[in-house]
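As structure tokens, the structure follows; a few thoughts come after it.
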Amino acid sequence: MSGAQSTMQTPNSRREARLIQFKIGLRRVVRNPSTLVGGLLVLTLLVMALIAPLIATHDPMAQILTDRLQPPSSAHWLGTDQLGRDIYSRLVYGAQPTLLIVILVIAFSAPFGLIIGMVAGYMGGWVETLLMRLTDIFMAFPRLILALALVSVLKPGLTNAVIAIAITAWPSYARLARAETLALRHADFVEAARGLGQSGRKIVMGQILPLCLSSAAIRATLDMAGIILTAAGLGFLGLGAQPPMAEWGAMIGTGRDHVFDAWWVAAAPGVAILLVSLGFNLLGDGLRDVLDPKHHD
Amino acid sequence: MKGSVSGFWIFLRGVATLLVTLAGLLFATFIIGRVMPIDPVIAVVGDKASAETYAQAREEMGLDRPLWVQFGRYIEGVARGDLGQSSSSGQPVVEDIARAFPATLELSVFAIIIGICVGLPLGVYAAHRRNTWFDHTARVLSLFGYSTPVFWLGLIALLIFYAQLGWTGGPGRIGTAYRYTVQEWSGLMLVDTLRSGDWYAFRSAFSHIILPALLLGYFSLAYIARMTRNFMIEELNKEYVTMARIKGASETRVLWRHAFPNALVPVVTVIALSFGHLLEGAVLTETVFAWPGLGLYITKSLFSADMPAVLGGTLVVGICFVLLNKLTDVIYPLLDPRTRNR
């Protein structure tokens, strides 16, 4: 860190200092091969989801029954499925539900977990015991099984898959936020804020939250890989996104019946899931190396 | 004297936490069971029943009581080993689960053995040869392990090793020829076939279990290797390791005699956790391999809307999960002399 900074000019203003910091960070991110490869894979997913209509060669729902289970060819780059739908186009459109699930789950679970953890860590006493016991209980549930039970009760579908996964995803953020808050609770700047008469809510949101964010962001990135796999698993079992929506897990589920004579139906979406979750894992690993000083090699 | 008193308190606290967590688990399955859209009374009496029959059945099932009374009865039932009646098999859920559980256990134990035997050395040597090609290969192997959808890899493995190459058995636990000849004793197919002395049956059972076990084993080894590497690096950076080297201990001795026992404590937690994940991963793997275990039981019951079966299965997996976690707390002091003396 000091080596990178010494080559930089001394900042003349706060804005300039921030800019320099940002540049240093960016350079570290780009120089780290994990972050770079992971970032590119995730970026591909994003772009694919956004411009799916432009790069798809066929309508992902259009069935041509005479063309069913065709192997990959120039007309159908990745072949067709059992209803004669173009697999490449379905794969491209499949990026949308995948991205949507990941974003929604994180948007629900991370803030909730962070608040629970910060409140527990800051308040201490019986509030902490109660909240962390609750966290432990939810942590004790195997994620996929709870999601299965919930989805079965709530009816299968994308929304309920999101709810089920979010319910099992928040505890890890609560634990992380609590640990960070405990370490910060008696830090000088927190005592100073308290001395200035700031309310507990203001201290938690203004002083503690910003310091929890970077580790939460790393956690979230690594979590996204797991979320994608769980969502795909639910889709595979027929409990996630419902047909005819093009969702990768569900595509493998339908490809399963034909795997011995038309392997490409199940193979392609599996590779897509693998690459995307690999991307999030690499990005999260790399970000941890870059952002977390404890993990510097 | 003082030590034993505090030890007793720690034990008591441990038991209390365990009970609270289990109660939470029960409450969660109870609530999931309550919010289900299917009316359990109609499931019993049918939708053409008269209002009186309906009310009577409702009363008999205790559904007119306040929620907390119902919850109390539910706990009481579970404590007696009553998880309700499966609506698809007509059997008590406990009996169904008792039949399915050994299959899952056999698969997960086989898998965790693979995970430990390969994952531990892999992690230790990756830490030792940090940033060499060996470490990078181990890292990529691990990364793929926890990025690959297990059900997909299972399908592809079946396609290649069963359908194309014919090296392994297909779906199920044993070839159809032996399905009814093996005398059931432990419920573990490998053990039962060995015990009956039928070599061909054992071979058939082995060829069926090897693929799903390798697959699940790969996923747990990925996790175990990665975490072992991290813990070992931490240990290898400590001064006692340098000291051991100065004293002229061989690298093997430094690694396995000095550093590894200290890294072992957190690694045991990781192993217990990944064993819990195996039980979970079994749901998808069992579906792909038609392995008649707990996972397949839960998913099958799901599709026949057999809620008692689904919730019973969920509860059993949850309890295993909690107990495994607790078990590591108990093993901790046995492994680490530092925590024992505290």
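Chains: A, B, ... in order of the structure tokens. Residues: from 1 per chain. Ligands: from 1, in order shown.
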Compute the chain B side of the contact with chain A at 6 Å, counting only C-alpha atoms, and hand it back as a PyMOL selection string.
-> chain B and resi 21+24+36+147-149+152+159+318+322
Output file for the selection above: all heavy atoms, as a PDB file, in the first residue's frame:
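See again_14.pdb below for the written result:
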ATOM      1  N   THR B  21     -32.229 -23.892  20.280  1.00  0.00           N
ATOM      2  CA  THR B  21     -32.111 -24.005  18.825  1.00  0.00           C
ATOM      3  C   THR B  21     -33.076 -25.062  18.290  1.00  0.00           C
ATOM      4  O   THR B  21     -33.757 -24.846  17.289  1.00  0.00           O
ATOM      5  CB  THR B  21     -30.674 -24.377  18.424  1.00  0.00           C
ATOM      6  OG1 THR B  21     -29.777 -23.565  19.174  1.00  0.00           O
ATOM      7  CG2 THR B  21     -30.443 -24.156  16.963  1.00  0.00           C
ATOM      8  N   GLY B  24     -36.539 -23.733  18.308  1.00  0.00           N
ATOM      9  CA  GLY B  24     -36.706 -22.810  17.181  1.00  0.00           C
ATOM     10  C   GLY B  24     -36.965 -23.566  15.891  1.00  0.00           C
ATOM     11  O   GLY B  24     -37.838 -23.222  15.100  1.00  0.00           O
ATOM     12  N   MET B  36     -49.692 -23.511   5.476  1.00  0.00           N
ATOM     13  CA  MET B  36     -49.923 -24.187   4.199  1.00  0.00           C
ATOM     14  C   MET B  36     -51.354 -23.964   3.725  1.00  0.00           C
ATOM     15  O   MET B  36     -52.295 -23.907   4.520  1.00  0.00           O
ATOM     16  CB  MET B  36     -49.630 -25.674   4.332  1.00  0.00           C
ATOM     17  CG  MET B  36     -50.532 -26.398   5.286  1.00  0.00           C
ATOM     18  SD  MET B  36     -50.060 -28.133   5.263  1.00  0.00           S
ATOM     19  CE  MET B  36     -51.099 -28.770   6.539  1.00  0.00           C
ATOM     20  N   SER B 147     -18.455 -24.082  -7.376  1.00  0.00           N
ATOM     21  CA  SER B 147     -19.190 -23.295  -8.371  1.00  0.00           C
ATOM     22  C   SER B 147     -20.073 -24.159  -9.265  1.00  0.00           C
ATOM     23  O   SER B 147     -20.906 -23.634  -9.992  1.00  0.00           O
ATOM     24  CB  SER B 147     -18.215 -22.518  -9.258  1.00  0.00           C
ATOM     25  OG  SER B 147     -17.370 -21.708  -8.492  1.00  0.00           O
ATOM     26  N   THR B 148     -19.863 -25.471  -9.217  1.00  0.00           N
ATOM     27  CA  THR B 148     -20.601 -26.339 -10.135  1.00  0.00           C
ATOM     28  C   THR B 148     -21.932 -26.777  -9.531  1.00  0.00           C
ATOM     29  O   THR B 148     -21.966 -27.172  -8.373  1.00  0.00           O
ATOM     30  CB  THR B 148     -19.776 -27.605 -10.440  1.00  0.00           C
ATOM     31  OG1 THR B 148     -18.443 -27.209 -10.711  1.00  0.00           O
ATOM     32  CG2 THR B 148     -20.332 -28.351 -11.617  1.00  0.00           C
ATOM     33  N   PRO B 149     -23.009 -26.699 -10.311  1.00  0.00           N
ATOM     34  CA  PRO B 149     -24.275 -27.239  -9.802  1.00  0.00           C
ATOM     35  C   PRO B 149     -24.184 -28.757  -9.704  1.00  0.00           C
ATOM     36  O   PRO B 149     -23.931 -29.420 -10.702  1.00  0.00           O
ATOM     37  CB  PRO B 149     -25.311 -26.810 -10.843  1.00  0.00           C
ATOM     38  CG  PRO B 149     -24.553 -26.329 -12.021  1.00  0.00           C
ATOM     39  CD  PRO B 149     -23.146 -26.078 -11.625  1.00  0.00           C
ATOM     40  N   TRP B 152     -26.256 -31.037 -11.996  1.00  0.00           N
ATOM     41  CA  TRP B 152     -25.808 -31.037 -13.386  1.00  0.00           C
ATOM     42  C   TRP B 152     -24.603 -31.949 -13.573  1.00  0.00           C
ATOM     43  O   TRP B 152     -24.557 -32.773 -14.479  1.00  0.00           O
ATOM     44  CB  TRP B 152     -25.483 -29.602 -13.800  1.00  0.00           C
ATOM     45  CG  TRP B 152     -24.894 -29.477 -15.156  1.00  0.00           C
ATOM     46  CD1 TRP B 152     -25.561 -29.583 -16.351  1.00  0.00           C
ATOM     47  CD2 TRP B 152     -23.522 -29.251 -15.487  1.00  0.00           C
ATOM     48  NE1 TRP B 152     -24.686 -29.430 -17.386  1.00  0.00           N
ATOM     49  CE2 TRP B 152     -23.425 -29.218 -16.887  1.00  0.00           C
ATOM     50  CE3 TRP B 152     -22.373 -29.054 -14.730  1.00  0.00           C
ATOM     51  CZ2 TRP B 152     -22.227 -29.013 -17.557  1.00  0.00           C
ATOM     52  CZ3 TRP B 152     -21.172 -28.844 -15.384  1.00  0.00           C
ATOM     53  CH2 TRP B 152     -21.097 -28.823 -16.783  1.00  0.00           C
ATOM     54  N   LEU B 159     -24.039 -39.673 -17.697  1.00  0.00           N
ATOM     55  CA  LEU B 159     -23.965 -39.769 -19.153  1.00  0.00           C
ATOM     56  C   LEU B 159     -22.629 -40.386 -19.580  1.00  0.00           C
ATOM     57  O   LEU B 159     -22.584 -41.298 -20.404  1.00  0.00           O
ATOM     58  CB  LEU B 159     -24.126 -38.365 -19.765  1.00  0.00           C
ATOM     59  CG  LEU B 159     -23.849 -38.230 -21.257  1.00  0.00           C
ATOM     60  CD1 LEU B 159     -24.931 -38.932 -22.044  1.00  0.00           C
ATOM     61  CD2 LEU B 159     -23.777 -36.762 -21.669  1.00  0.00           C
ATOM     62  N   GLY B 318     -32.686 -30.956   9.687  1.00  0.00           N
ATOM     63  CA  GLY B 318     -32.348 -29.819  10.542  1.00  0.00           C
ATOM     64  C   GLY B 318     -31.732 -30.260  11.859  1.00  0.00           C
ATOM     65  O   GLY B 318     -30.720 -29.713  12.299  1.00  0.00           O
ATOM     66  N   VAL B 322     -28.042 -29.394  13.421  1.00  0.00           N
ATOM     67  CA  VAL B 322     -27.802 -28.779  14.731  1.00  0.00           C
ATOM     68  C   VAL B 322     -26.897 -29.665  15.590  1.00  0.00           C
ATOM     69  O   VAL B 322     -25.938 -29.193  16.202  1.00  0.00           O
ATOM     70  CB  VAL B 322     -29.145 -28.543  15.458  1.00  0.00           C
ATOM     71  CG1 VAL B 322     -28.906 -28.044  16.875  1.00  0.00           C
ATOM     72  CG2 VAL B 322     -29.990 -27.546  14.692  1.00  0.00           C
TER      73      VAL B 322
END
Residue contacts of range 280-292 of chain B (6 Å, only C-alpha atoms) excluding same-chain residues fewer than 5 positions away, as an mmCIF file with C-alpha atoms, in the first residue's frame:
data_model
loop_
_atom_site.group_PDB
_atom_site.id
_atom_site.type_symbol
_atom_site.label_atom_id
_atom_site.label_comp_id
_atom_site.auth_asym_id
_atom_site.auth_seq_id
_atom_site.Cartn_x
_atom_site.Cartn_y
_atom_site.Cartn_z
ATOM 1 C CA PHE B 151 -27.238 -32.015 -10.030
ATOM 2 C CA PRO B 171 -29.305 -44.956 -10.905
ATOM 3 C CA GLY B 172 -30.420 -46.728 -7.731
#
In Å, rounded to a single decimal, give me how far CA of Trp170 in chain A is from CA of Leu143 in chain B.
->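 CA of Trp170 in chain A lies at a distance of 23.3 Å from CA of Leu143 in chain B.
The smallest atom-to-atom distance between Val162 in chain A and any of A:Val290, A:Ala217, A:Leu114, A:Ile106, using only C-alpha atoms, is found for A:Ile106.
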Give the helix (DSSP H, G or I) residues of range 17-242 of chain B, as DSSP finds them on the backbone, and put them as a count of residues only.
-> 164
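You will find CA of Ala98 in chain B at 24.2 Å from CA of Ser207 in chain B.
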Identify, on the basis of only C-alpha atoms, every residue whose closest approach to Ala193 in chain A does not exceed 10 Å; exclude the query and any residue fewer than 3 positions from it along the same chain; express the result as a PyMOL selection string.
-> chain A and resi 188-190+196-200+202-203+206-207
Residues at most 8 Å from range 190-202 of chain B, counting only C-alpha atoms, excluding those fewer than 6 positions away in the same chain, as an mmCIF file with all heavy atoms, in the first residue's frame?
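Full text of around-v9.cif as output:
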data_model
loop_
_atom_site.group_PDB
_atom_site.id
_atom_site.type_symbol
_atom_site.label_atom_id
_atom_site.label_comp_id
_atom_site.auth_asym_id
_atom_site.auth_seq_id
_atom_site.Cartn_x
_atom_site.Cartn_y
_atom_site.Cartn_z
ATOM 1 N N ILE B 174 -28.465 -50.552 -6.113
ATOM 2 C CA ILE B 174 -27.896 -51.860 -6.455
ATOM 3 C C ILE B 174 -28.604 -52.363 -7.704
ATOM 4 O O ILE B 174 -29.700 -51.918 -8.030
ATOM 5 C CB ILE B 174 -28.076 -52.838 -5.263
ATOM 6 C CG1 ILE B 174 -27.170 -54.052 -5.404
ATOM 7 C CG2 ILE B 174 -29.534 -53.269 -5.099
ATOM 8 C CD1 ILE B 174 -27.018 -54.839 -4.114
ATOM 9 N N GLY B 175 -27.954 -53.245 -8.450
ATOM 10 C CA GLY B 175 -28.565 -53.785 -9.653
ATOM 11 C C GLY B 175 -29.882 -54.498 -9.349
ATOM 12 O O GLY B 175 -30.050 -55.048 -8.259
ATOM 13 N N TYR B 178 -30.143 -57.983 -7.748
ATOM 14 C CA TYR B 178 -29.854 -58.241 -6.334
ATOM 15 C C TYR B 178 -30.824 -57.547 -5.396
ATOM 16 O O TYR B 178 -30.699 -57.641 -4.191
ATOM 17 C CB TYR B 178 -28.436 -57.772 -6.001
ATOM 18 C CG TYR B 178 -27.395 -58.350 -6.907
ATOM 19 C CD1 TYR B 178 -26.864 -57.587 -7.937
ATOM 20 C CD2 TYR B 178 -26.954 -59.658 -6.741
ATOM 21 C CE1 TYR B 178 -25.911 -58.112 -8.789
ATOM 22 C CE2 TYR B 178 -25.995 -60.195 -7.587
ATOM 23 C CZ TYR B 178 -25.488 -59.417 -8.611
ATOM 24 O OH TYR B 178 -24.547 -59.943 -9.440
ATOM 25 N N VAL B 182 -30.664 -59.368 -1.169
ATOM 26 C CA VAL B 182 -29.823 -58.953 -0.049
ATOM 27 C C VAL B 182 -30.662 -58.823 1.214
ATOM 28 O O VAL B 182 -31.674 -58.122 1.235
ATOM 29 C CB VAL B 182 -29.138 -57.604 -0.340
ATOM 30 C CG1 VAL B 182 -28.279 -57.189 0.841
ATOM 31 C CG2 VAL B 182 -28.312 -57.689 -1.598
ATOM 32 N N GLN B 183 -30.232 -59.516 2.231
ATOM 33 C CA GLN B 183 -30.964 -59.465 3.485
ATOM 34 C C GLN B 183 -30.657 -58.161 4.212
ATOM 35 O O GLN B 183 -29.487 -57.809 4.394
ATOM 36 C CB GLN B 183 -30.565 -60.654 4.358
ATOM 37 C CG GLN B 183 -31.619 -60.948 5.386
ATOM 38 C CD GLN B 183 -31.111 -61.944 6.407
ATOM 39 O OE1 GLN B 183 -30.029 -62.488 6.288
ATOM 40 N NE2 GLN B 183 -31.913 -62.171 7.433
ATOM 41 N N GLU B 184 -31.725 -57.446 4.570
ATOM 42 C CA GLU B 184 -31.503 -56.155 5.200
ATOM 43 C C GLU B 184 -31.120 -56.327 6.663
ATOM 44 O O GLU B 184 -31.739 -57.072 7.406
ATOM 45 C CB GLU B 184 -32.759 -55.289 5.091
ATOM 46 C CG GLU B 184 -32.426 -53.823 5.278
ATOM 47 C CD GLU B 184 -33.564 -52.930 4.820
ATOM 48 O OE1 GLU B 184 -34.056 -53.127 3.688
ATOM 49 O OE2 GLU B 184 -33.952 -52.058 5.597
#
Identify, on the basis of only C-alpha atoms, every residue whose closest approach to range 63-68 of chain A does not exceed 8 Å; exclude the query and any residue fewer than 3 positions from it along the same chain; express the result as a list in words.
->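 Final neighbour list, sorted by chain and number: Thr80, Asp81, Gln82, Leu83, Gly84 and Arg85 of chain A.
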Which residues, written as a PyMOL selection string, have at least one atom at most 10 Å from Asp96 in chain B, with only C-alpha atoms counted and residues fewer than 2 positions away on the same chain left out?
-> chain B and resi 85-86+89-94+98-101+293-294+297+309+312-313
Write out as a list in words the residues lying within 8 Å of range 263-271 of chain B, counting only C-alpha atoms and excluding same-chain residues fewer than 5 positions away.
->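 These residues fall inside the cut-off: Ile112, Ile116, Tyr223, Ile224, Met227, Thr228, Phe231, Met232, Glu235, Asn325, Thr328, Tyr332, Leu335 and Asp336 of chain B.
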Using only C-alpha atoms: which of B:Ala225, B:Ser220, B:Ala49, B:Leu165 has the shortest distance to Val140 in chain B | B:Ala225
For CA of Leu221 in chain B and CA of Ala111 in chain B, quote the distance in Å rounded to one decimal.
-> 8.9 Å
